[in-house]
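So the structure is just underneath, and the comments pick up after that.
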Amino acid sequence: MHARVVAVAVAAVLGTAALVSPTSDARARDVGEPTVIAHRGASAYAPENTLASIDKAARLGFSWVENDVQRTKDGELVVIHDDSLRRTTNVEKIFPGRAPWKVKDFTAAEIARLDAGSWYSPAYAGTRVPTLKQYMRRIEHNHEKLLLEIKNPELYPGIEQQTLKLLGNEGWLDRGHLNRLIVQSFSVGSIRTVHELKPAVTTALLGSPTMAQLRQYAPFTDLVNPSYGSLTKKYVAAAHAVRGAHGRRLRVFAWTVNDAVTARKVAGCGVDGIITNKPDVVRAALGSY
Ligand code: G3P
Ligand code: CA
């Protein structure tokens, strides 16, 4: 039996106590395939940005996961994509008079009462919005790696410093962890701040900056992560020609690719990573690429 199949079978038996096999990443490196990153966890198969979604990614044999970090009214970092709680929780039912239900207007204790799984499937009823601290501990438990997005930083002054402090407290800025962490944002200012505060951290800029902008941003970023729709072979090659913050070529992770045809097309452009809600679909597509 293939080693990765064995790992998944073992994981299925052991549940969340089973850890990610290194096989998937090692194979990608060996054959020059792009790294596959589970977007908001394995979010096609479990509610996005929950502990269930990163457990699912681990059980599928994928070590890299992506998330989105924002901040509550009382200053707790939480993992959620939208700036409102409405789409991915039952906040309307629990707090009917609090429209538009912004994350920044609710305390951590209030958010902890919300169901972040039922919107996705009744099978996930009772799933919670994780705090970043809870999330990092589960990532560690699962031996996973994290592409952490600082979401809407303009709403949360100082979120870069606060996020780095939490990561440091949890041991993620230690030498052994730094190669398991990338911090990304759509905000150039946010990425610059992260680099200035902790130069050892690998950073990524989301979007499709021009080549002139890329050269300008390269001193404080290591990757550029564009939407696959705007991607060309020429753009990837041009990015690769630029040296990033740590002296290596800028890497390119494309998002959000959920089908085999697009995965092969994007891989053909020469990207270093593919961010996807369906990591199994992308890996299968790349196997025959
Ligand atoms: O990681 C890339 C992707 O997450 C950026 O877009 O809106 O899904 O956070 P979004
Ligand atoms: Ca994101």
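By order of appearance in the structure tokens: chains A, B, ..., then residues from 1 within every chain, and ligands from 1 in the order shown.
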Against ligand 2, which residues of chain A fall within 10 Å? For each one I want the closest pair of atoms and the distance in Å (one decimal), counting only C-alpha atoms and all ligand atoms, rows by chain and increasing residue number, as CSV.
residue,atom,partner,partner_atom_place_in_ligand_line,distance
A:His39,CA,ligand 2,1 (Ca),7.1
A:Arg40,CA,ligand 2,1 (Ca),6.6
A:Asn49,CA,ligand 2,1 (Ca),9.3
A:Glu66,CA,ligand 2,1 (Ca),6.6
A:Asn67,CA,ligand 2,1 (Ca),5.6
A:Asp68,CA,ligand 2,1 (Ca),5.0
A:Val69,CA,ligand 2,1 (Ca),8.6
A:Ile80,CA,ligand 2,1 (Ca),9.0
A:His81,CA,ligand 2,1 (Ca),6.6
A:Asp82,CA,ligand 2,1 (Ca),9.5
A:Leu147,CA,ligand 2,1 (Ca),8.7
A:Leu148,CA,ligand 2,1 (Ca),7.8
A:Glu149,CA,ligand 2,1 (Ca),5.5
A:Ile150,CA,ligand 2,1 (Ca),8.1
A:Lys151,CA,ligand 2,1 (Ca),7.2
A:Gln184,CA,ligand 2,1 (Ca),8.5
A:Ser185,CA,ligand 2,1 (Ca),8.1
A:Phe186,CA,ligand 2,1 (Ca),9.2
A:Leu206,CA,ligand 2,1 (Ca),9.1
A:Trp255,CA,ligand 2,1 (Ca),9.3
A:Thr256,CA,ligand 2,1 (Ca),9.5
A:Ile275,CA,ligand 2,1 (Ca),9.5
All helix (DSSP H, G or I) positions in region 15-119 of chain A, as a ChimeraX atom specification:
/A:15-17,23-31,51-60,91-94,103-105,108-112
Counting only C-alpha atoms, what is within 8 Å of Ala285 (chain A), bar same-chain residues fewer than 2 positions away, as a PDB file with C-alpha atoms, in the first residue's frame?
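Printed below is part25.pdb as written:
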ATOM      1  CA  ALA A 260      -8.236  19.474 -11.515  1.00  0.00           C
ATOM      2  CA  VAL A 261      -8.120  21.410 -14.792  1.00  0.00           C
ATOM      3  CA  ALA A 263      -4.770  22.964 -10.791  1.00  0.00           C
ATOM      4  CA  ARG A 264      -2.839  21.617 -13.773  1.00  0.00           C
ATOM      5  CA  VAL A 281      -8.509  17.038  -5.672  1.00  0.00           C
ATOM      6  CA  VAL A 282      -5.484  19.231  -6.338  1.00  0.00           C
ATOM      7  CA  ARG A 283      -3.004  16.567  -5.229  1.00  0.00           C
ATOM      8  CA  GLY A 287      -0.089  13.418  -9.703  1.00  0.00           C
ATOM      9  CA  SER A 288      -0.776  13.167 -13.408  1.00  0.00           C
ATOM     10  CA  TYR A 289       0.578  16.615 -14.222  1.00  0.00           C
TER      11      TYR A 289
END
Which of these residues is nearest to ligand 1, using only C-alpha atoms and all ligand atoms: A:Leu286, A:Leu85, A:Ala218, A:Leu205?
A:Leu205
What residues in region 3-239 of chain A get the DSSP label strand (DSSP E)? Please answer as number ranges by chain.
A: 35-38, 64-71, 77-79, 145-150, 181-185, 202-206, 223-225
Can you pull out the residues contacting Lys145 (chain A)? Cut-off 9 Å, using only C-alpha atoms, and skip same-chain residues under 5 positions away; I want them as an MDAnalysis selection string.
chainID A and resid 63:66 139:140 177 179:182
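Between CA of Ala239 (chain A) and atom 6 (O, counted along the ligand's line) of ligand 1 the separation is 19.6 Å.
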I'd like the contact shell of region 99-114 of chain A - 8 Å cut-off, only C-alpha atoms, skipping same-chain residues fewer than 5 positions apart - returned as a VMD selection string.
chain A and resid 70 to 76 83 to 86 89 to 92 94 126 128 to 130 155
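Put simply, CA of Lys133 (chain A) is 28.0 Å away from CA of Val252 (chain A).
Relative to CA of Thr276 (chain A), CA of Gly244 (chain A) is found at 24.2 Å.
Nearest to Pro122 (chain A) of all the residues A:Leu178, A:Ala46, A:Ala267, A:Met211 is A:Ala46, based on only C-alpha atoms.
Minimum atom-to-atom distances from A:Leu250, A:Ala204, A:Ala238, A:Leu164 to ligand 1 were compared using only C-alpha atoms and all ligand atoms, and the lowest value belongs to A:Ala204.
Minimum atom-to-atom distance to Asn277 (chain A), evaluated using only C-alpha atoms, belongs to A:Ser43 out of A:Thr202, A:Gln161, A:Ser43, A:Thr262.
Nearest residue to ligand 1 among A:Pro226, A:Gly189, A:Pro199, A:Pro157 is A:Pro226, counting only C-alpha atoms and all ligand atoms.
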